[in-house]
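Just below is one structure, and these are the notes that go with it.
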Amino acid sequence: MASLLSYTRLVLAGFLLMGCGMESDNSTRIVIWHQMRPDEREVLQRQLNRYALQHPSVHIVEIYKETEELRSGYVIASVSGQGPDLVYGPSDPVGVYAVTETIRPLEGLFPPTFLGEFDSSAFTFFRGHLYQIADKVGNHLALVYNKKYVQKPPESDDELLALGRQLLTRYGVRAGKPAVYPLTWNYTEPFFFIPFLTGFGGWVFREDGVTPNLDTPAMVEALNFIRDVRDKHKIVPGEADYEIADALFKEGRAAMIINGDWSWAGYLQRGLNIGVAPLPKINRTGLWCAPMTSPKGYSMNINVPESKVPLVLDLMRFLLSEENQLESVRLLMTAPTRTSLYSHPDVTSNEILNNSLLQIQRGKPMPAVPEMRAIWDAMRPGYQAVMGGSLSPEEAARQMQELALRKIRDMKE
Amino acid sequence: MEKKRLLITFFLAPSFVVLAGVVLYPFVYNVVLSFGNMNLTTIRDWDLIGFRQYVKIFTEPSQPDFYAVFWKTIVWTVVNVFFHVVLGVFLALLLNQRLRGRSMYRTILILPWAIPQYIVALTWRGMFNYEYGSLNIILNKYLGLPAVEWLKSPTEAFLACILTNVWLGFPFMMVIALGAMQSIPHELYEAASIDGARWWHRIRLITLPLIRPIMVPAITLGTIWTFNNLNIVWLVSNAGEPADNTHILVSFVYKAAFNFYGYSYAAALSMVIFVILLLFSLAFLRTTRATETAL
Amino acid sequence: MNHQRLSRTLATSTTHVLLVLFALFAVFPIWQIVNISLRPGDQLLTSSLELIPSNATLENYHRLFTETEFLRWIGNSAFVAFAVTVTGVVLASTAGYGFSRFRFAGRNVGLLTLLTTQMFPATMLLLPMYIMLISLGLINTFLGVIIVYSATALPFCIWTMKGYYDTIPVSLEEAARIDGCGRVQAFYRIILPLAAPALVITALFSFMTAWSEYIVAAQILQDSQLWTLPLGLKSFEASMSTQWGLYGSASLIVMVPVIILFLALSRWLVSGLTLGSVKG
């Protein structure tokens, strides 16, 4: 009997806490869902604190969700009539959000003078409507090098291979493997392969931006190139994985790594003397390796009631303001989206940021259409089969294309 | 009679009310969904279209192939449960005697159950790395065997997932077996000793049969959970690598639903999984007669 | 005499050797996580073979307690896990008894239905559960999580209790009833103590369900003030910039209450309280 009593007490306590959990007044509480990394989160919190001081009647809540979960969780929540007021993330789910009618078009909500202050890369359009305004552009890969081993980063693929050979001879072998790998990166993941596809002149979509275009000579050449880098020139480890590449670089066992802007601060913190350079160009085609770039910005939930929209817009304007973007630039080394900041001394004087901006210029925007998902999943098996040696590049390219078409068809069924 | 009914209600009702609420509605929802066409474009206004999703599952070729994945899932389940139970019972037998340091061994051996799965799965994945992973280092340096390319080839990758899951799962069976062994009266062992039975006789004729009533539900549920265990396969193989070859049915469902928004397709696939498990349980329980009462 | 002594020593030594081997097997990956927590910066893997990193530091632990809401998460998880454990033990011990001792229409179906609740892939139940919980007003509440966890853990617990009760002869209760005990009293005084090991399993299992479950908690608990440990740990995760240092140290600390609970309960798990001692 004693246990029954304590149980009942607990249930009652639970009911009381139930009250604690719910919000009292919808109109003065704004919720943001995001997938920001810890350092980005800190900056966001500082900015929100400043906003709260100026607007004491507004209570803002920011909630972190991991990228994949944010995408699926947001759709589920919004379709059920719930969800946050603002959702922040990269541009690739925007197409999905738009198709599921979970976000609302923004073009009518801001005056043209405001929109004119931004570079076009800040805007993500889908089927003619503006759905997301970004405060940062990034997510791009670049060549990060440890200045202890590399003083002048290679500017072409031939230079890269030559440098690799030099490093291998200079540092030799230890316990059966190179003491210092010239290059390491997560080469089994399609996202990390894209720059080489573009370097050989290929791209994932045709002109219309929605039809896959994976079965091309450029694809075959790029696949051959990566395979040769590993098997013929042996400048990368036999097995690739994000974590092991990261570990090798952090421990000084790799001279160069291809990694995205989210990782550079971590390397600096670790005490490594790094430099960031744009990815090299492919001599045969004369094209620069162009990674995908993605703006990261805010979209508004379609469920936000009309009466609340002005409050949410005010917050958006604040978060996208010049002052706040400059703060991000200074603290996070992110690339801003306001044209006025491109010539700001804080931007031009930072070597890493300069190179980052250069890489972004040479990069290609990540498509925001839902079909992109199918492309990634279609590329992965074929790509990994080629690297595993069980498929020829020509056959893989054909299979990728077939698979992409099938998955897109499935999505639309 | 009335009093008996009241007693039954008193004992059983609370559990069923809670279960019905939490499980019934989602289940029914899924059944309905599986007969529909909900996907990305129809997420707000999907219709019922009959058995089409089921036909699709069984007839349309998919990448990876449904039947291959199905077979893999069976292998995955059988191998895992086998090792979980054998190791669990074996360790319980070792621990069920007067032994110095027994408590310490017990505690160390449940650590795999206690540690959060995400980080440990990824740690295991790291141990399978060809050049730097601990497993190959042990194989190569200390045992003189050739290093294995664990994560690059389908069979080895699958083995890697199995090894990780066995490590994670044996403590649970060990605790159950230990608990089950307590229900066996000492006198039975004493009587058997007097009759001249050796230790393996005692295990085979007394321990194993008598822990059955408690092991059978654990094995049944263990099988069901292992069959549906998405996490380990997903994390250790990095979502199916190499080349989508390391999938079990449930990771296949996950990809369909959450990566491609094929909610109805995923719902139908879940129903298929459900029916498979239901048939298995019915068959297993019938042969072990586990639903009988003590009366 | 010596021969017996020798074979017993051999048996004991072999047992120890085997247990040590398995203990090493169990501990090895966990040791790696200790290393992760001691490494400065966020690094999951390493190419070095050191047993303890040469640049080991306790900084991650320090940051865990001072810069994150870790203590709050522990508090939330402890509350939820405790409630689920109590609920699980109370409901399973009674329901299991009902299934073990009574014959009634729908009994077998009931038992099977319990099992079937486990057969559905959890990911599929998310969307409808979310909708249902919203309409009940249980989103973002501890009550919602407690209810769902209890429902998740109950089938196994009921089956285990039933199985254990099945090994206790009915004659024991009948003898007590003849002596004047009521049915319910017989349950409390005699049956429950004998079923202690099963109660321990039920308690442990319910606790672990609530303590380490992520998916349901992520759906229900939206406010970061309400986060349980798995949600908190997830916030250290990012697809390519996980804060491994914090994650590793948090994972190790998360294990501690489980170990404490296990140590506290294992007294009853290997109680030695068997039928023989009671009959006398």
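Ordering of the structure tokens sets the chain letters (A, B, ...); residue numbers start at 1 within each chain; ligands are numbered from 1 in the order shown.
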
Please extract the residues of stretch 31-111 of chain B with a backbone DSSP assignment of helix (DSSP H, G or I) and present them as a VMD selection string.
chain B and resid 31 to 34 52 to 59 66 to 95 102 to 109 111

Include C-alpha atoms and write out the residues we just selected as an mmCIF file, in the first residue's frame.
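Wrote again16.cif, looks like this:
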```cif
data_model
loop_
_atom_site.group_PDB
_atom_site.id
_atom_site.type_symbol
_atom_site.label_atom_id
_atom_site.label_comp_id
_atom_site.auth_asym_id
_atom_site.auth_seq_id
_atom_site.Cartn_x
_atom_site.Cartn_y
_atom_site.Cartn_z
ATOM 1 C CA VAL B 31 -2.463 0.536 -40.725
ATOM 2 C CA VAL B 32 -4.580 3.181 -42.392
ATOM 3 C CA LEU B 33 -1.505 5.036 -43.603
ATOM 4 C CA SER B 34 -0.152 1.890 -45.202
ATOM 5 C CA ARG B 52 -0.536 -0.718 -53.861
ATOM 6 C CA GLN B 53 2.248 -0.073 -51.341
ATOM 7 C CA TYR B 54 2.350 -3.737 -50.413
ATOM 8 C CA VAL B 55 2.502 -4.786 -54.033
ATOM 9 C CA LYS B 56 5.351 -2.352 -54.485
ATOM 10 C CA ILE B 57 7.298 -3.837 -51.601
ATOM 11 C CA PHE B 58 7.096 -7.376 -52.843
ATOM 12 C CA THR B 59 7.365 -6.905 -56.570
ATOM 13 C CA PHE B 66 13.974 -6.244 -50.317
ATOM 14 C CA TYR B 67 14.549 -9.989 -50.129
ATOM 15 C CA ALA B 68 18.282 -9.617 -49.605
ATOM 16 C CA VAL B 69 17.649 -7.199 -46.772
ATOM 17 C CA PHE B 70 15.033 -9.516 -45.333
ATOM 18 C CA TRP B 71 17.443 -12.417 -45.339
ATOM 19 C CA LYS B 72 20.150 -10.269 -43.786
ATOM 20 C CA THR B 73 17.757 -9.275 -41.026
ATOM 21 C CA ILE B 74 17.076 -12.903 -40.196
ATOM 22 C CA VAL B 75 20.783 -13.693 -40.037
ATOM 23 C CA TRP B 76 21.365 -10.589 -37.949
ATOM 24 C CA THR B 77 18.658 -11.560 -35.481
ATOM 25 C CA VAL B 78 19.532 -15.215 -35.130
ATOM 26 C CA VAL B 79 23.271 -14.695 -34.692
ATOM 27 C CA ASN B 80 22.836 -11.857 -32.236
ATOM 28 C CA VAL B 81 20.247 -13.542 -30.044
ATOM 29 C CA PHE B 82 22.231 -16.749 -30.061
ATOM 30 C CA PHE B 83 25.352 -15.058 -28.728
ATOM 31 C CA HIS B 84 23.436 -12.842 -26.326
ATOM 32 C CA VAL B 85 21.777 -15.831 -24.720
ATOM 33 C CA VAL B 86 24.762 -18.180 -24.755
ATOM 34 C CA LEU B 87 27.137 -15.580 -23.344
ATOM 35 C CA GLY B 88 24.529 -14.299 -20.908
ATOM 36 C CA VAL B 89 23.699 -17.704 -19.496
ATOM 37 C CA PHE B 90 27.340 -18.745 -19.481
ATOM 38 C CA LEU B 91 28.400 -15.709 -17.485
ATOM 39 C CA ALA B 92 25.423 -16.064 -15.163
ATOM 40 C CA LEU B 93 26.477 -19.626 -14.445
ATOM 41 C CA LEU B 94 29.975 -18.442 -13.614
ATOM 42 C CA LEU B 95 28.658 -15.704 -11.364
ATOM 43 C CA ARG B 102 31.745 -11.634 -7.691
ATOM 44 C CA SER B 103 30.128 -8.287 -7.124
ATOM 45 C CA MET B 104 32.909 -6.472 -8.950
ATOM 46 C CA TYR B 105 32.739 -8.790 -11.955
ATOM 47 C CA ARG B 106 28.971 -8.387 -12.103
ATOM 48 C CA THR B 107 29.247 -4.636 -12.130
ATOM 49 C CA ILE B 108 31.927 -4.499 -14.791
ATOM 50 C CA LEU B 109 29.989 -6.887 -16.970
ATOM 51 C CA LEU B 111 28.779 -1.632 -18.218
#
```

Using only C-alpha atoms, I'd like every residue of chain B that has an atom within 7 Å of chain A; please write them out as an NGL selection string.
:B and (39-41 or 43 or 130 or 152 or 242-244 or 258 or 260 or 262)

Put those residues in a file: N, CA and C atoms, as a PDB file, in the first residue's frame.
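Dumped to part00.pdb:
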```pdb
ATOM      1  N   ASN B  39       3.146  10.971 -49.230  1.00  0.00           N
ATOM      2  CA  ASN B  39       4.563  11.236 -49.408  1.00  0.00           C
ATOM      3  C   ASN B  39       4.762  12.743 -49.389  1.00  0.00           C
ATOM      4  N   LEU B  40       5.882  13.188 -49.914  1.00  0.00           N
ATOM      5  CA  LEU B  40       6.237  14.601 -49.798  1.00  0.00           C
ATOM      6  C   LEU B  40       5.176  15.520 -50.361  1.00  0.00           C
ATOM      7  N   THR B  41       4.704  15.186 -51.564  1.00  0.00           N
ATOM      8  CA  THR B  41       3.763  16.111 -52.203  1.00  0.00           C
ATOM      9  C   THR B  41       2.349  15.948 -51.680  1.00  0.00           C
ATOM     10  N   ILE B  43       1.509  15.246 -48.566  1.00  0.00           N
ATOM     11  CA  ILE B  43       1.562  15.132 -47.112  1.00  0.00           C
ATOM     12  C   ILE B  43       0.318  15.698 -46.428  1.00  0.00           C
ATOM     13  N   TYR B 130      40.630   0.329 -40.645  1.00  0.00           N
ATOM     14  CA  TYR B 130      41.637  -0.583 -41.166  1.00  0.00           C
ATOM     15  C   TYR B 130      43.040  -0.282 -40.654  1.00  0.00           C
ATOM     16  N   LYS B 152      34.952  -1.911 -45.300  1.00  0.00           N
ATOM     17  CA  LYS B 152      34.911  -1.704 -46.744  1.00  0.00           C
ATOM     18  C   LYS B 152      34.139  -2.792 -47.468  1.00  0.00           C
ATOM     19  N   PRO B 242      29.193  -0.578 -46.784  1.00  0.00           N
ATOM     20  CA  PRO B 242      29.503   0.015 -48.063  1.00  0.00           C
ATOM     21  C   PRO B 242      28.338  -0.093 -49.039  1.00  0.00           C
ATOM     22  N   ALA B 243      28.098   1.007 -49.729  1.00  0.00           N
ATOM     23  CA  ALA B 243      27.147   0.996 -50.841  1.00  0.00           C
ATOM     24  C   ALA B 243      25.779   0.444 -50.463  1.00  0.00           C
ATOM     25  N   ASP B 244      25.235   0.857 -49.351  1.00  0.00           N
ATOM     26  CA  ASP B 244      23.881   0.424 -48.987  1.00  0.00           C
ATOM     27  C   ASP B 244      23.760  -1.072 -48.834  1.00  0.00           C
ATOM     28  N   PHE B 258      12.145   8.741 -43.601  1.00  0.00           N
ATOM     29  CA  PHE B 258      12.676  10.031 -43.191  1.00  0.00           C
ATOM     30  C   PHE B 258      13.601  10.668 -44.192  1.00  0.00           C
ATOM     31  N   PHE B 260      13.214  10.039 -47.580  1.00  0.00           N
ATOM     32  CA  PHE B 260      12.473  10.241 -48.824  1.00  0.00           C
ATOM     33  C   PHE B 260      11.011  10.599 -48.635  1.00  0.00           C
ATOM     34  N   GLY B 262       8.605   8.942 -47.903  1.00  0.00           N
ATOM     35  CA  GLY B 262       7.641   7.965 -48.405  1.00  0.00           C
ATOM     36  C   GLY B 262       6.907   7.363 -47.223  1.00  0.00           C
TER      37      GLY B 262
END
```

Residues of chain C within 8 Å of chain A, using only C-alpha atoms, as a PyMOL selection string? chain C and resi 40-47+83+86-87+90+127+131+138+140-143+219+222-224+226+234-241

Which residues, written as a PyMOL selection string, have at least one atom at most 8 Å from A:Arg362, with only C-alpha atoms counted and residues fewer than 5 positions away on the same chain left out? chain A and resi 288-291

Given only C-alpha atoms as the basis, pick out the residue of C:Leu21, C:Leu125, C:Cys157, C:Leu136 nearest to chain B.
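Closest to chain B, using only C-alpha atoms: C:Leu125.
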
For this session: Check the smallest atom-to-atom distance from each of C:Arg101, C:Arg183, C:Arg63, C:Arg267 to chain B using only C-alpha atoms, then report the winner.
Result: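 Of all the options, C:Arg101 lies closest to chain B.
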
- Message: Give me the residues near C:Pro230 as a list in words, where near means some atom within 9 Å (using only C-alpha atoms) and where sequence neighbours in that chain fewer than 2 positions away do not count.
- Response: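 Once the adjacent positions are removed, what remains is Pro116 of chain B; Trp73, Ser77, Trp211, Ser212, Glu213, Tyr214, Ile215, Ala217, Ala218, Trp227, Thr228, Gly232, Leu233, Lys234 and Ser235 of chain C.
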
At a cut-off of 12 Å, can you tabulate as CSV every residue of stretch 114-151 of chain A near stretch 342-347 of chain A together with its closest atom pair and the distance in Å to one decimal, using only C-alpha atoms and ordering rows by chain then number?
```
residue,atom,partner,partner_atom,distance
A:Glu117,CA,A:Tyr342,CA,11.6
A:Phe118,CA,A:Tyr342,CA,10.6
A:Asp119,CA,A:Tyr342,CA,9.7
```

May I have the selected residues written with N, CA and C atoms, as a PDB file, in the first residue's frame?
```
ATOM      1  N   GLU A 117      19.870  45.338 -49.563  1.00  0.00           N
ATOM      2  CA  GLU A 117      21.143  45.428 -48.842  1.00  0.00           C
ATOM      3  C   GLU A 117      21.897  44.110 -48.837  1.00  0.00           C
ATOM      4  N   PHE A 118      21.263  43.076 -49.357  1.00  0.00           N
ATOM      5  CA  PHE A 118      21.885  41.758 -49.309  1.00  0.00           C
ATOM      6  C   PHE A 118      22.401  41.324 -50.662  1.00  0.00           C
ATOM      7  N   ASP A 119      23.418  40.495 -50.602  1.00  0.00           N
ATOM      8  CA  ASP A 119      23.894  39.841 -51.815  1.00  0.00           C
ATOM      9  C   ASP A 119      22.865  38.789 -52.231  1.00  0.00           C
TER      10      ASP A 119
END
```

- Please indicate the distance in Å from atom CA of B:Phe158 to atom CA of A:Arg230, rounded to one decimal place.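 According to the coordinates, atom CA of B:Phe158 and atom CA of A:Arg230 are separated by 24.5 Å.
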
Restricting to only C-alpha atoms, whichever of C:Pro128, C:Gly88, C:Gly144, C:Pro155 is closest to C:Leu112 is C:Pro155

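Interatomic distance, atom CA of A:Leu86 to atom CA of A:Ile32: 4.8 Å.
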
Query raised in the report: What does the distance from atom CA of B:Val120 to atom CA of B:Phe170 come to in Å, to one decimal?
Result: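 Spanning atom CA of B:Val120 to atom CA of B:Phe170 is a straight-line distance of 15.0 Å.
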
I'd like the neighbourhood of C:Ile146 as a list of chain:residue names, where a residue qualifies if any of its atoms comes within 8 Å (using only C-alpha atoms), though same-chain residues fewer than 4 positions away should be ignored.
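My list of contacting residues is C:Val80, C:Ala81, C:Ala83, C:Val84, C:Phe142, C:Ser150, C:Ala210.
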
Would you export the selected residues with C-alpha atoms as a PDB file, in the first residue's frame, please?
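Resulting contents of part.pdb:
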```
ATOM      1  CA  VAL C  80      11.351  10.669 -14.958  1.00  0.00           C
ATOM      2  CA  ALA C  81      13.282   7.445 -14.443  1.00  0.00           C
ATOM      3  CA  ALA C  83       8.517   7.646 -11.777  1.00  0.00           C
ATOM      4  CA  VAL C  84       8.761   5.110 -14.571  1.00  0.00           C
ATOM      5  CA  PHE C 142       7.038  15.056 -18.013  1.00  0.00           C
ATOM      6  CA  SER C 150       5.844   3.029 -18.828  1.00  0.00           C
ATOM      7  CA  ALA C 210      13.602   5.952 -19.131  1.00  0.00           C
TER       8      ALA C 210
END
```

As a ChimeraX atom specification, please: the residues near A:Asp215 (cut-off 8 Å, only C-alpha atoms, same-chain neighbours under 2 positions excluded). /A:213,217,219-220,394,397-398,400-401

Residues from the last selection, C-alpha atoms, saved as a PDB file, in the first residue's frame:
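again-v4.pdb, freshly written:
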```pdb
ATOM      1  CA  ASN A 213      22.789  14.442 -64.912  1.00  0.00           C
ATOM      2  CA  PRO A 217      32.265  11.789 -68.939  1.00  0.00           C
ATOM      3  CA  MET A 219      31.709  11.920 -63.604  1.00  0.00           C
ATOM      4  CA  VAL A 220      33.813   9.064 -64.943  1.00  0.00           C
ATOM      5  CA  GLU A 394      31.523   3.978 -66.359  1.00  0.00           C
ATOM      6  CA  ALA A 397      27.928   6.562 -63.483  1.00  0.00           C
ATOM      7  CA  ARG A 398      25.212   4.755 -65.372  1.00  0.00           C
ATOM      8  CA  MET A 400      23.878   6.454 -60.328  1.00  0.00           C
ATOM      9  CA  GLN A 401      21.813   8.099 -63.023  1.00  0.00           C
TER      10      GLN A 401
END
```

What lies within 9 Å of A:Phe192 using only C-alpha atoms, ignoring chain neighbours under 5 positions off, as a PDB file with C-alpha atoms, in the first residue's frame?
```
ATOM      1  CA  LEU A 141      34.807  22.688 -48.349  1.00  0.00           C
ATOM      2  CA  TRP A 185      39.572  13.661 -46.169  1.00  0.00           C
ATOM      3  CA  ASN A 186      36.212  11.991 -45.944  1.00  0.00           C
ATOM      4  CA  TYR A 187      36.351  10.849 -49.525  1.00  0.00           C
ATOM      5  CA  ILE A 258      39.695  18.918 -47.189  1.00  0.00           C
ATOM      6  CA  ASN A 259      37.101  20.001 -44.722  1.00  0.00           C
ATOM      7  CA  PRO A 291      32.456  22.870 -53.704  1.00  0.00           C
TER       8      PRO A 291
END
```

Taking only C-alpha atoms into account, name the residue in C:Asn108, C:Thr9, C:Asn60, C:Asn2 that is nearest to chain B.
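Answer, going by the shortest atom-to-atom distance: C:Asn108.
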